[in-house]
Structure formats: structure tokens, C-alpha cells
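This is structure.cif. It holds mmCIF, C-alpha atoms and all ligand atoms.
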```
data_entry
#
loop_
_atom_site.label_atom_id
_atom_site.label_comp_id
_atom_site.auth_asym_id
_atom_site.auth_seq_id
_atom_site.Cartn_x
_atom_site.Cartn_y
_atom_site.Cartn_z
CA MET A 1 122.05 -203.15 66.45
CA THR A 2 125.78 -202.53 66.57
CA ILE A 3 127.49 -201.08 69.62
CA THR A 4 131.04 -199.86 69.04
CA LEU A 5 133.21 -199.19 72.09
CA ASN A 6 134.75 -195.98 70.91
CA ARG A 7 137.72 -194.62 72.80
CA PRO A 8 140.41 -195.97 70.52
CA GLU A 9 143.31 -193.86 71.82
CA LYS A 10 143.02 -195.79 75.13
CA LEU A 11 142.09 -199.13 73.56
CA ASN A 12 138.46 -198.41 74.53
CA ALA A 13 139.24 -198.65 78.26
CA PHE A 14 136.09 -197.97 80.28
CA VAL A 15 135.34 -194.60 81.83
CA ALA A 16 132.12 -193.74 83.66
CA GLU A 17 130.55 -192.02 80.66
CA MET A 18 130.89 -195.19 78.59
CA HIS A 19 128.96 -197.17 81.19
CA ALA A 20 126.07 -194.70 81.00
CA LEU A 21 126.00 -194.80 77.18
CA LEU A 22 126.25 -198.56 77.14
CA ARG A 23 123.40 -198.92 79.61
CA GLU A 24 121.21 -196.74 77.40
CA ALA A 25 122.12 -198.67 74.25
CA LEU A 26 121.44 -202.00 75.92
CA MET A 27 118.05 -200.84 77.17
CA GLN A 28 117.23 -199.80 73.61
CA ALA A 29 118.31 -203.20 72.33
CA GLU A 30 116.03 -204.82 74.90
CA ASP A 31 112.99 -202.66 74.21
CA ASP A 32 113.09 -202.27 70.44
CA ALA A 33 111.41 -205.24 68.77
CA ALA A 34 113.12 -204.28 65.51
CA VAL A 35 116.47 -205.16 67.11
CA ARG A 36 116.81 -208.91 66.68
CA ALA A 37 120.55 -209.33 67.26
CA LEU A 38 123.25 -207.26 68.93
CA LEU A 39 126.82 -206.91 67.67
CA ILE A 40 129.46 -205.46 70.00
CA THR A 41 132.88 -204.45 68.70
CA GLY A 42 135.65 -201.94 69.34
CA ALA A 43 136.98 -198.97 67.39
CA GLY A 44 140.65 -198.85 66.40
CA ARG A 45 143.21 -201.51 67.20
CA GLY A 46 141.71 -202.80 70.44
CA PHE A 47 138.42 -204.32 71.55
CA CYS A 48 138.60 -203.05 75.13
CA ALA A 49 141.39 -202.78 77.72
CA GLY A 50 139.01 -203.00 80.69
CA GLN A 51 138.67 -200.37 83.35
CA ASP A 52 140.53 -197.13 82.68
CA LEU A 53 143.11 -197.36 85.42
CA SER A 54 143.64 -193.61 85.57
CA GLU A 55 140.04 -193.09 86.66
CA ARG A 56 140.51 -194.44 90.20
CA ASN A 57 141.77 -192.23 92.99
CA MET A 58 144.48 -194.29 94.62
CA ASN A 59 144.72 -191.81 97.51
CA ASP A 60 141.10 -192.36 98.48
CA PRO A 61 141.15 -194.44 101.68
CA ASN A 62 137.52 -195.40 100.98
CA LEU A 63 138.17 -196.61 97.43
CA ASP A 64 135.59 -199.35 96.91
CA LEU A 65 136.09 -201.35 93.74
CA GLY A 66 133.15 -203.57 94.66
CA GLY A 67 130.92 -200.50 94.49
CA GLY A 68 132.01 -199.88 90.89
CA LEU A 69 131.20 -203.48 89.98
CA ASP A 70 127.80 -203.25 91.65
CA ALA A 71 127.00 -199.94 89.98
CA HIS A 72 128.26 -200.57 86.46
CA TYR A 73 129.91 -203.77 85.34
CA ASN A 74 127.73 -206.37 87.03
CA PRO A 75 124.38 -204.92 85.91
CA PHE A 76 125.81 -204.72 82.38
CA ILE A 77 126.94 -208.35 82.35
CA ARG A 78 123.63 -209.51 83.82
CA ARG A 79 121.69 -207.51 81.26
CA LEU A 80 123.77 -208.74 78.37
CA ARG A 81 123.44 -212.39 79.37
CA ALA A 82 119.71 -212.02 79.94
CA LEU A 83 119.06 -210.16 76.68
CA PRO A 84 116.46 -212.34 74.94
CA LYS A 85 118.22 -211.82 71.61
CA PRO A 86 121.55 -213.16 70.36
CA VAL A 87 124.69 -211.15 71.14
CA VAL A 88 127.75 -211.43 68.90
CA CYS A 89 131.04 -209.97 70.10
CA ALA A 90 133.45 -209.16 67.28
CA VAL A 91 136.84 -208.88 68.94
CA ASN A 92 138.92 -206.73 66.64
CA GLY A 93 142.04 -206.45 68.81
CA VAL A 94 143.26 -206.94 72.34
CA ALA A 95 140.56 -207.66 74.92
CA ALA A 96 142.03 -207.23 78.41
CA GLY A 97 140.71 -207.23 81.96
CA ALA A 98 137.02 -206.43 82.11
CA GLY A 99 137.24 -205.99 78.32
CA ALA A 100 138.09 -209.68 77.88
CA ASN A 101 135.23 -210.78 80.06
CA ILE A 102 132.75 -208.44 78.42
CA ALA A 103 133.75 -210.04 75.11
CA LEU A 104 133.25 -213.50 76.59
CA ALA A 105 129.82 -212.48 77.89
CA GLY A 106 128.63 -212.49 74.27
CA ASP A 107 126.67 -215.51 73.11
CA LEU A 108 128.99 -216.00 70.15
CA VAL A 109 132.48 -214.53 70.07
CA ILE A 110 134.29 -214.09 66.79
CA ALA A 111 137.81 -212.66 66.78
CA ALA A 112 140.32 -211.32 64.30
CA ARG A 113 143.43 -213.50 64.03
CA SER A 114 145.58 -210.69 65.46
CA ALA A 115 143.28 -210.22 68.47
CA SER A 116 144.12 -211.56 71.90
CA PHE A 117 142.47 -212.24 75.24
CA MET A 118 144.16 -211.30 78.47
CA GLN A 119 142.97 -211.74 82.04
CA ALA A 120 145.11 -208.73 82.92
CA PHE A 121 143.80 -208.42 86.48
CA SER A 122 146.55 -210.19 88.42
CA LYS A 123 149.16 -207.86 86.88
CA ILE A 124 147.63 -205.14 89.05
CA ALA A 125 146.81 -207.50 91.92
CA LEU A 126 143.09 -207.77 91.20
CA VAL A 127 140.92 -210.84 90.71
CA PRO A 128 139.16 -211.44 87.38
CA ASP A 129 135.70 -209.89 87.39
CA CYS A 130 132.77 -209.40 85.01
CA GLY A 131 132.07 -213.12 85.20
CA GLY A 132 135.58 -214.28 84.26
CA THR A 133 135.95 -216.69 87.19
CA TRP A 134 132.57 -218.16 86.30
CA TRP A 135 132.91 -218.83 82.60
CA LEU A 136 136.62 -219.38 82.15
CA PRO A 137 136.64 -222.79 83.90
CA ARG A 138 133.38 -223.71 82.20
CA LEU A 139 134.63 -222.78 78.74
CA ILE A 140 138.23 -223.98 78.82
CA GLY A 141 138.65 -226.12 81.97
CA LEU A 142 140.26 -225.32 85.29
CA GLN A 143 143.93 -225.59 84.27
CA ARG A 144 143.68 -223.18 81.35
CA ALA A 145 141.44 -220.86 83.36
CA MET A 146 143.96 -220.89 86.19
CA GLY A 147 146.83 -220.24 83.78
CA MET A 148 145.05 -217.31 82.20
CA ALA A 149 144.06 -215.80 85.55
CA LEU A 150 147.38 -216.28 87.38
CA LEU A 151 149.78 -215.52 84.54
CA ALA A 152 147.75 -212.78 82.83
CA GLU A 153 149.41 -213.61 79.52
CA ARG A 154 147.87 -212.78 76.19
CA VAL A 155 146.07 -215.75 74.61
CA SER A 156 145.96 -215.50 70.82
CA ALA A 157 142.66 -215.66 68.97
CA GLU A 158 143.83 -218.91 67.36
CA ASP A 159 144.48 -220.53 70.75
CA ALA A 160 141.21 -219.10 72.04
CA GLU A 161 139.37 -220.84 69.21
CA ARG A 162 141.30 -224.08 69.70
CA TRP A 163 140.57 -224.06 73.44
CA GLY A 164 136.86 -223.38 72.97
CA LEU A 165 137.06 -219.94 74.57
CA ILE A 166 135.50 -218.39 71.46
CA TRP A 167 133.37 -219.50 68.53
CA LYS A 168 135.68 -218.59 65.69
CA CYS A 169 138.90 -216.85 64.68
CA VAL A 170 138.98 -215.27 61.23
CA ASP A 171 141.50 -213.32 59.16
CA ASP A 172 141.65 -209.67 60.21
CA ALA A 173 140.40 -208.46 56.84
CA LYS A 174 137.35 -210.73 57.12
CA LEU A 175 136.23 -209.85 60.65
CA VAL A 176 133.76 -207.09 59.82
CA GLU A 177 132.19 -209.09 57.00
CA GLU A 178 132.00 -212.37 58.92
CA ALA A 179 130.72 -210.81 62.13
CA GLY A 180 128.13 -208.85 60.15
CA ASN A 181 126.99 -211.99 58.35
CA LEU A 182 126.72 -213.86 61.64
CA ALA A 183 124.68 -211.09 63.26
CA ARG A 184 122.43 -210.74 60.20
CA THR A 185 121.84 -214.49 60.06
CA LEU A 186 120.86 -214.48 63.72
CA ALA A 187 118.69 -211.38 63.27
CA ALA A 188 116.68 -213.22 60.61
CA GLY A 189 116.10 -216.16 62.94
CA PRO A 190 113.36 -217.09 65.42
CA THR A 191 114.27 -214.40 67.97
CA HIS A 192 112.05 -215.55 70.84
CA THR A 193 113.25 -219.10 70.43
CA PHE A 194 116.86 -217.87 70.44
CA GLY A 195 116.09 -216.13 73.73
CA MET A 196 114.84 -219.43 75.15
CA ILE A 197 117.87 -221.33 73.84
CA LYS A 198 120.16 -218.84 75.61
CA LYS A 199 118.20 -219.22 78.83
CA ALA A 200 118.30 -223.01 78.65
CA LEU A 201 122.02 -223.23 77.98
CA TYR A 202 122.94 -220.66 80.62
CA ALA A 203 120.72 -222.42 83.18
CA SER A 204 122.29 -225.81 82.48
CA SER A 205 125.41 -225.46 84.60
CA GLY A 206 123.34 -224.96 87.75
CA ASN A 207 120.86 -227.75 86.98
CA THR A 208 120.79 -231.51 87.29
CA LEU A 209 119.87 -233.49 84.17
CA ASP A 210 116.39 -234.01 85.63
CA GLU A 211 115.92 -230.31 86.15
CA GLN A 212 117.21 -229.55 82.69
CA LEU A 213 114.87 -232.10 81.09
CA ASP A 214 111.95 -230.41 82.85
CA LEU A 215 113.15 -227.01 81.73
CA GLU A 216 113.44 -228.22 78.11
CA ARG A 217 109.90 -229.58 78.29
CA ASP A 218 108.57 -226.27 79.60
CA PHE A 219 110.49 -224.22 77.05
CA GLN A 220 109.45 -226.51 74.18
CA ARG A 221 105.84 -226.17 75.28
CA GLU A 222 106.21 -222.40 75.10
CA VAL A 223 108.05 -222.12 71.78
CA GLY A 224 105.63 -224.65 70.27
CA ARG A 225 102.99 -221.95 70.57
CA TYR A 226 105.02 -219.42 68.60
CA GLY A 227 104.27 -218.40 65.03
CA ASP A 228 107.92 -218.96 64.14
CA TYR A 229 107.60 -222.67 64.94
CA ARG A 230 104.64 -222.93 62.60
CA GLU A 231 106.52 -220.99 59.94
CA GLY A 232 109.61 -223.21 60.36
CA VAL A 233 107.64 -226.41 59.87
CA ALA A 234 105.59 -224.98 56.98
CA ALA A 235 108.77 -223.80 55.24
CA PHE A 236 110.36 -227.23 55.67
CA LEU A 237 107.33 -229.02 54.22
CA GLU A 238 107.03 -226.53 51.35
CA LYS A 239 110.78 -226.78 50.67
CA ARG A 240 111.39 -223.04 50.99
CA LYS A 241 113.37 -220.77 53.31
CA PRO A 242 111.48 -219.80 56.47
CA ALA A 243 110.52 -216.16 56.94
CA PHE A 244 110.76 -215.85 60.71
CA THR A 245 109.25 -212.79 62.30
CA GLY A 246 110.87 -213.28 65.69
CA ARG A 247 107.54 -214.03 67.35
O1 LIG B 301 138.49 -200.26 89.05
C1 LIG B 301 137.61 -201.10 88.97
O2 LIG B 301 136.42 -200.78 88.64
C2 LIG B 301 137.92 -202.52 89.23
C3 LIG B 301 137.59 -203.31 88.03
C4 LIG B 301 138.52 -203.54 87.14
C5 LIG B 301 138.25 -204.24 85.88
C6 LIG B 301 139.47 -204.25 85.03
O3 LIG B 301 139.29 -204.22 83.86
S1 LIG B 301 140.97 -204.34 85.78
C7 LIG B 301 142.07 -204.54 84.42
C8 LIG B 301 142.33 -203.24 83.73
N1 LIG B 301 143.04 -203.41 82.50
C9 LIG B 301 144.34 -203.67 82.46
O4 LIG B 301 145.01 -203.84 83.45
C10 LIG B 301 144.96 -203.68 81.09
C11 LIG B 301 145.95 -202.52 80.98
N2 LIG B 301 146.46 -202.43 79.63
C12 LIG B 301 147.45 -203.21 79.20
O5 LIG B 301 147.99 -204.05 79.87
C13 LIG B 301 147.92 -202.94 77.79
O6 LIG B 301 147.48 -201.67 77.39
C14 LIG B 301 147.39 -203.99 76.79
C15 LIG B 301 148.10 -205.33 77.02
C16 LIG B 301 145.88 -204.16 76.89
C17 LIG B 301 147.73 -203.52 75.36
O7 LIG B 301 149.09 -203.20 75.27
P1 LIG B 301 149.63 -202.36 74.03
O8 LIG B 301 151.11 -202.33 74.18
O9 LIG B 301 149.09 -202.92 72.78
O10 LIG B 301 149.01 -200.90 74.18
P2 LIG B 301 149.42 -199.75 75.21
O11 LIG B 301 150.49 -198.91 74.61
O12 LIG B 301 149.69 -200.35 76.52
O13 LIG B 301 148.04 -198.93 75.31
C18 LIG B 301 147.69 -197.91 74.37
C19 LIG B 301 147.20 -196.73 75.16
O14 LIG B 301 146.04 -197.13 75.90
C20 LIG B 301 148.21 -196.25 76.19
O15 LIG B 301 148.00 -194.87 76.36
P3 LIG B 301 149.13 -193.81 75.89
O16 LIG B 301 150.37 -194.16 76.63
O17 LIG B 301 149.26 -194.04 74.42
O18 LIG B 301 148.54 -192.48 76.24
C21 LIG B 301 147.78 -196.96 77.45
O19 LIG B 301 148.17 -196.31 78.64
C22 LIG B 301 146.25 -196.88 77.29
N3 LIG B 301 145.58 -197.94 78.09
C23 LIG B 301 145.55 -199.24 77.82
N4 LIG B 301 144.85 -199.87 78.76
C24 LIG B 301 144.44 -198.93 79.62
C25 LIG B 301 144.92 -197.68 79.20
N5 LIG B 301 144.69 -196.58 79.88
C26 LIG B 301 143.95 -196.67 81.02
N6 LIG B 301 143.48 -197.84 81.48
C27 LIG B 301 143.66 -198.97 80.82
N7 LIG B 301 143.13 -200.14 81.27
#
```

Can the structure from this file be put into C-alpha cells for me?
Ligand code: T3D
Amino acid sequence: MTITLNRPEKLNAFVAEMHALLREALMQAEDDAAVRALLITGAGRGFCAGQDLSERNMNDPNLDLGGGLDAHYNPFIRRLRALPKPVVCAVNGVAAGAGANIALAGDLVIAARSASFMQAFSKIALVPDCGGTWWLPRLIGLQRAMGMALLAERVSAEDAERWGLIWKCVDDAKLVEEAGNLARTLAAGPTHTFGMIKKALYASSGNTLDEQLDLERDFQREVGRYGDYREGVAAFLEKRKPAFTGR
């Protein structure tokens, strides 16, 4: 399944309606067994510029930004991370604020060379949200995370790749093709096992080695019962390509 953030005249900045549509699309991706990988990208020259800043009423004395995170962004990030299928984010242009962190919530992030990542929050005196403060230090180390968050400068896709913030930076003209190939390759893989791999890797930062070894044992026990494991081994022994069904 491909989800395209589609409000190009505002660099796909989020308005309430987009949250509702996105929630629906993500639920469909979860429920539909025919969906075996999710690709998220943006229309036009941007990936996403985060929250639409004109949507908030600055004169409202009860303005509660935490409420907006609880209602929309946080459930989305949680859902995306927990999706038991691989998520590829194809960052076609600038990814700023919540838009940058939604991109980074993907399991694999591929970006066009002209794209950039910007923790824009501090420019408007906000803290990074949508998981930014959690994965930035884990992905690129504390100094680079701090630099991105405090300075809110654009980081080029090339630097993002070099720093380990993203999987890959490709020429602009190749993004659609390469992201599509990546998503299709993943969609033809052992979907349930991919879901377990995601779970294991995302659990690792909160676990000790002992806990992680136990988790790997439990997960291996489970995937060892799957048809895809049998198919993988049979294909190897018969020197052919496996035909995984995702089960
Ligand atoms: O409220 C809450 O729920 C709290 C949670 C917040 C989460 C967040 O995401 S906070 C961070 C919000 N995002 C930003 O602060 C980024 C704002 N945008 C920018 O700094 C720049 O647009 C970019 C660096 C991303 C790109 O710059 P540039 O020069 O390539 O494009 P531009 O000309 O600035 O933008 C093009 C149009 O999109 C422009 O509209 P116009 O003038 O042509 O009618 C611009 O106003 C609009 N736009 C871009 N970002 C936003 C936006 N409009 C509303 N909100 C935006 N975030």
C-alpha cells in the first residue's frame, strides 16, 4: 500500500482532516492481509512540513498542544511502529517538524538527494515531538541529535545517510523507482517474520542482553512454526527463490 501525503501547496503540512484519513489508511494497512508492506511519501516538492501552524488558535488561553499529540500524532506514531509489516518512507523533499519525525518513524527511510530533514520545532519554541527525542540520539548520537534539535537547521539527505539517520539517499530521479523496488521486495518477503524482526529491534533499546536473548529465543520459537520458514529452507535446499506467503 502507498500512502501519499497530499497537500503539496503547503508542503503537506498536517491539518485535522489528514489525521483522520491517515488513521483510516493505517487501519486498512493493518487489517488487510494483502497489504504486505507500506510506502509513505509526499506529493509535490516536500515530504511534510509538520503541523500546519495556521490551524492553531493562538488567542485560545486553553490551547493544549499535548491534547493534539494525544489525539492524533502519538497514536499514529505508535500504530506505525507497531504495524507488523515493513514501512518504507520515501522522503521526496523537505521533512520538517513532525514531518521529519514521521519520516523517521518508518522502518527504512530512503530519501531523494535534494531532500532534507529539519527538527524545526525550536524555531517556534517547541520541543521535538512524534518520537524525535527518542530516536534521534539512538540513531545519530547525542551530539548530532542535540545539534539538530537546538539549531533546527536543515540536514541534507547525504548527511542523513552518512550519519545513519536514514537507510539510503538516492538521486532525485531514482527515488520513486528505488523506493518502489524496496517496498516490493519487502512485500514479497516473510511478512510475519518481518513483524517479529521489527518488534525485536524496537524492544532492544529497553532490554538488557539477557532479556534480548530470551526474546530472540521466544521469537525464533514462534517463527520456526511458520510456513514461510519451511518455504525458506526448502527453497535454499532446492536452489530456487522462495515463494513466501507472509504466513
Ligand atoms: O500544534 C501542535 O500540534 C504541536 C505539534 C507540532 C508538531 C510540529 O510539526 S511543529 C513544527 C511545524 N513545522 C514547522 O515549523 C516548519 C515550518 N515550515 C518551514 O520552516 C518551511 O516551510 C520549510 C523549511 C519546511 C520549507 O521552506 P521553503 O522555503 O522550501 O517553503 P515555504 O515557502 O516556507 O513553504 C511553502 C508553503 O508552505 C508556504 O505557503 P505560501 O506562503 O506559499 O502560501 C508556507 O507558508 C507553507 N508551509 C510550510 N510549512 C508550513 C506551512 N504552512 C503551515 N504550516 C506549516 N508547518

Name all residues at most 12 Å from Glu24 (chain A) (count all atoms listed in the file; drop same-chain ones fewer than 5 positions away) and give them as a ChimeraX atom specification. /A:3,17-19,29-31,76,79

Around ligand LIG 301 (chain B), at most 7 Å away and counting only C-alpha atoms and all ligand atoms, which residues are there? Put them as a VMD selection string, please. chain A and resid 9 to 11 13 49 to 54 56 65 68 to 69 94 to 99 120 to 121 123 to 124 126 129

Dump of C-alpha atoms for the selected residues, as a PDB file, in the frame of the given file:
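Contents of the output file result.pdb:
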```pdb
ATOM      1  CA  GLU A   9     143.310-193.860  71.820  1.00  0.00           C
ATOM      2  CA  LYS A  10     143.020-195.790  75.130  1.00  0.00           C
ATOM      3  CA  LEU A  11     142.090-199.130  73.560  1.00  0.00           C
ATOM      4  CA  ALA A  13     139.240-198.650  78.260  1.00  0.00           C
ATOM      5  CA  ALA A  49     141.390-202.780  77.720  1.00  0.00           C
ATOM      6  CA  GLY A  50     139.010-203.000  80.690  1.00  0.00           C
ATOM      7  CA  GLN A  51     138.670-200.370  83.350  1.00  0.00           C
ATOM      8  CA  ASP A  52     140.530-197.130  82.680  1.00  0.00           C
ATOM      9  CA  LEU A  53     143.110-197.360  85.420  1.00  0.00           C
ATOM     10  CA  SER A  54     143.640-193.610  85.570  1.00  0.00           C
ATOM     11  CA  ARG A  56     140.510-194.440  90.200  1.00  0.00           C
ATOM     12  CA  LEU A  65     136.090-201.350  93.740  1.00  0.00           C
ATOM     13  CA  GLY A  68     132.010-199.880  90.890  1.00  0.00           C
ATOM     14  CA  LEU A  69     131.200-203.480  89.980  1.00  0.00           C
ATOM     15  CA  VAL A  94     143.260-206.940  72.340  1.00  0.00           C
ATOM     16  CA  ALA A  95     140.560-207.660  74.920  1.00  0.00           C
ATOM     17  CA  ALA A  96     142.030-207.230  78.410  1.00  0.00           C
ATOM     18  CA  GLY A  97     140.710-207.230  81.960  1.00  0.00           C
ATOM     19  CA  ALA A  98     137.020-206.430  82.110  1.00  0.00           C
ATOM     20  CA  GLY A  99     137.240-205.990  78.320  1.00  0.00           C
ATOM     21  CA  ALA A 120     145.110-208.730  82.920  1.00  0.00           C
ATOM     22  CA  PHE A 121     143.800-208.420  86.480  1.00  0.00           C
ATOM     23  CA  LYS A 123     149.160-207.860  86.880  1.00  0.00           C
ATOM     24  CA  ILE A 124     147.630-205.140  89.050  1.00  0.00           C
ATOM     25  CA  LEU A 126     143.090-207.770  91.200  1.00  0.00           C
ATOM     26  CA  ASP A 129     135.700-209.890  87.390  1.00  0.00           C
TER      27      ASP A 129
END
```

Around the point (125.3, -217.1, 75.4) in the file's coordinates, collect all residues with an atom within 7 Å, using only C-alpha atoms, and return them as a VMD selection string. chain A and resid 81 105 to 108 198 202

Quick one: pull the distance between CA of Pro190 (chain A) and CA of Val87 (chain A), Å, one decimal. 14.0 Å

Please build the interface table for region 33-117 of chain A against region 172-184 of chain A with a cut-off of 9 Å, listing for each qualifying residue the nearest atom pair and the distance in Å to one decimal; count only C-alpha atoms, order rows by chain and increasing number, and write it as a Markdown table.
```
| residue | atom | partner | partner_atom | distance |
| --- | --- | --- | --- | --- |
| A:Arg36 | CA | A:Arg184 | CA | 8.8 |
| A:Ala37 | CA | A:Ala183 | CA | 6.0 |
| A:Leu38 | CA | A:Ala183 | CA | 7.0 |
| A:Leu39 | CA | A:Ala183 | CA | 6.4 |
| A:Pro86 | CA | A:Ala183 | CA | 8.0 |
| A:Val87 | CA | A:Ala183 | CA | 7.9 |
| A:Val88 | CA | A:Ala183 | CA | 6.4 |
| A:Cys89 | CA | A:Ala179 | CA | 8.0 |
| A:Ala90 | CA | A:Ala179 | CA | 6.1 |
| A:Val91 | CA | A:Leu175 | CA | 8.4 |
| A:Asn92 | CA | A:Leu175 | CA | 7.3 |
| A:Val109 | CA | A:Ala179 | CA | 8.9 |
| A:Ile110 | CA | A:Ala179 | CA | 6.7 |
| A:Ala111 | CA | A:Leu175 | CA | 6.9 |
| A:Ala112 | CA | A:Asp172 | CA | 4.6 |
| A:Arg113 | CA | A:Asp172 | CA | 5.7 |
| A:Ser114 | CA | A:Asp172 | CA | 6.6 |
| A:Ala115 | CA | A:Asp172 | CA | 8.4 |
```

Those same residues, written as a PDB file, in the frame of the given file with C-alpha atoms?
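Below is the file that was written, part.pdb:
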```pdb
ATOM      1  CA  ARG A  36     116.810-208.910  66.680  1.00  0.00           C
ATOM      2  CA  ALA A  37     120.550-209.330  67.260  1.00  0.00           C
ATOM      3  CA  LEU A  38     123.250-207.260  68.930  1.00  0.00           C
ATOM      4  CA  LEU A  39     126.820-206.910  67.670  1.00  0.00           C
ATOM      5  CA  PRO A  86     121.550-213.160  70.360  1.00  0.00           C
ATOM      6  CA  VAL A  87     124.690-211.150  71.140  1.00  0.00           C
ATOM      7  CA  VAL A  88     127.750-211.430  68.900  1.00  0.00           C
ATOM      8  CA  CYS A  89     131.040-209.970  70.100  1.00  0.00           C
ATOM      9  CA  ALA A  90     133.450-209.160  67.280  1.00  0.00           C
ATOM     10  CA  VAL A  91     136.840-208.880  68.940  1.00  0.00           C
ATOM     11  CA  ASN A  92     138.920-206.730  66.640  1.00  0.00           C
ATOM     12  CA  VAL A 109     132.480-214.530  70.070  1.00  0.00           C
ATOM     13  CA  ILE A 110     134.290-214.090  66.790  1.00  0.00           C
ATOM     14  CA  ALA A 111     137.810-212.660  66.780  1.00  0.00           C
ATOM     15  CA  ALA A 112     140.320-211.320  64.300  1.00  0.00           C
ATOM     16  CA  ARG A 113     143.430-213.500  64.030  1.00  0.00           C
ATOM     17  CA  SER A 114     145.580-210.690  65.460  1.00  0.00           C
ATOM     18  CA  ALA A 115     143.280-210.220  68.470  1.00  0.00           C
TER      19      ALA A 115
END
```

Between A:Glu222, A:Asp60, A:Glu153, A:Glu161, single out the one closest to Gly195 (chain A), counting only C-alpha atoms. A:Glu222

Nearest residue to Gln119 (chain A) from the set A:Lys168, A:Arg225, A:Arg154, A:Arg162 (distances using all atoms listed in the file): A:Arg154

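Here CA of Ala100 (chain A) and CA of Met118 (chain A) stand 6.3 Å from one another.
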
What's around region 237-245 of chain A at 10 Å? Count all atoms listed in the file, leave out sequence neighbours fewer than 4 positions away in its own chain, and write the answer as a PyMOL selection string. chain A and resi 34+36+187-192+227-233

Go ahead and write the selection's residues with C-alpha atoms as a tab-separated table (two decimals), in the coordinates of the input.
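Result written to selection35.tsv:
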```tsv
chain	number	residue	atom	x	y	z
A	34	ALA	CA	113.12	-204.28	65.51
A	36	ARG	CA	116.81	-208.91	66.68
A	187	ALA	CA	118.69	-211.38	63.27
A	188	ALA	CA	116.68	-213.22	60.61
A	189	GLY	CA	116.10	-216.16	62.94
A	190	PRO	CA	113.36	-217.09	65.42
A	191	THR	CA	114.27	-214.40	67.97
A	192	HIS	CA	112.05	-215.55	70.84
A	227	GLY	CA	104.27	-218.40	65.03
A	228	ASP	CA	107.92	-218.96	64.14
A	229	TYR	CA	107.60	-222.67	64.94
A	230	ARG	CA	104.64	-222.93	62.60
A	231	GLU	CA	106.52	-220.99	59.94
A	232	GLY	CA	109.61	-223.21	60.36
A	233	VAL	CA	107.64	-226.41	59.87
```

What does the structure give for the distance between CA of Asp70 (chain A) and CA of Leu83 (chain A), in Å to one decimal? 18.7 Å

Within-10 Å shell of (139.0, -199.9, 67.0) in input frame, only C-alpha atoms, as an MDAnalysis selection string: chainID A and resid 4:12 41:48 91:94

Using the selection just defined, write its residues with C-alpha atoms as an mmCIF file, in the coordinates of the input.
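And here's out_27.cif as it stands now:
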```
data_model
loop_
_atom_site.group_PDB
_atom_site.id
_atom_site.type_symbol
_atom_site.label_atom_id
_atom_site.label_comp_id
_atom_site.auth_asym_id
_atom_site.auth_seq_id
_atom_site.Cartn_x
_atom_site.Cartn_y
_atom_site.Cartn_z
ATOM 1 C CA THR A 4 131.040 -199.860 69.040
ATOM 2 C CA LEU A 5 133.210 -199.190 72.090
ATOM 3 C CA ASN A 6 134.750 -195.980 70.910
ATOM 4 C CA ARG A 7 137.720 -194.620 72.800
ATOM 5 C CA PRO A 8 140.410 -195.970 70.520
ATOM 6 C CA GLU A 9 143.310 -193.860 71.820
ATOM 7 C CA LYS A 10 143.020 -195.790 75.130
ATOM 8 C CA LEU A 11 142.090 -199.130 73.560
ATOM 9 C CA ASN A 12 138.460 -198.410 74.530
ATOM 10 C CA THR A 41 132.880 -204.450 68.700
ATOM 11 C CA GLY A 42 135.650 -201.940 69.340
ATOM 12 C CA ALA A 43 136.980 -198.970 67.390
ATOM 13 C CA GLY A 44 140.650 -198.850 66.400
ATOM 14 C CA ARG A 45 143.210 -201.510 67.200
ATOM 15 C CA GLY A 46 141.710 -202.800 70.440
ATOM 16 C CA PHE A 47 138.420 -204.320 71.550
ATOM 17 C CA CYS A 48 138.600 -203.050 75.130
ATOM 18 C CA VAL A 91 136.840 -208.880 68.940
ATOM 19 C CA ASN A 92 138.920 -206.730 66.640
ATOM 20 C CA GLY A 93 142.040 -206.450 68.810
ATOM 21 C CA VAL A 94 143.260 -206.940 72.340
#
```
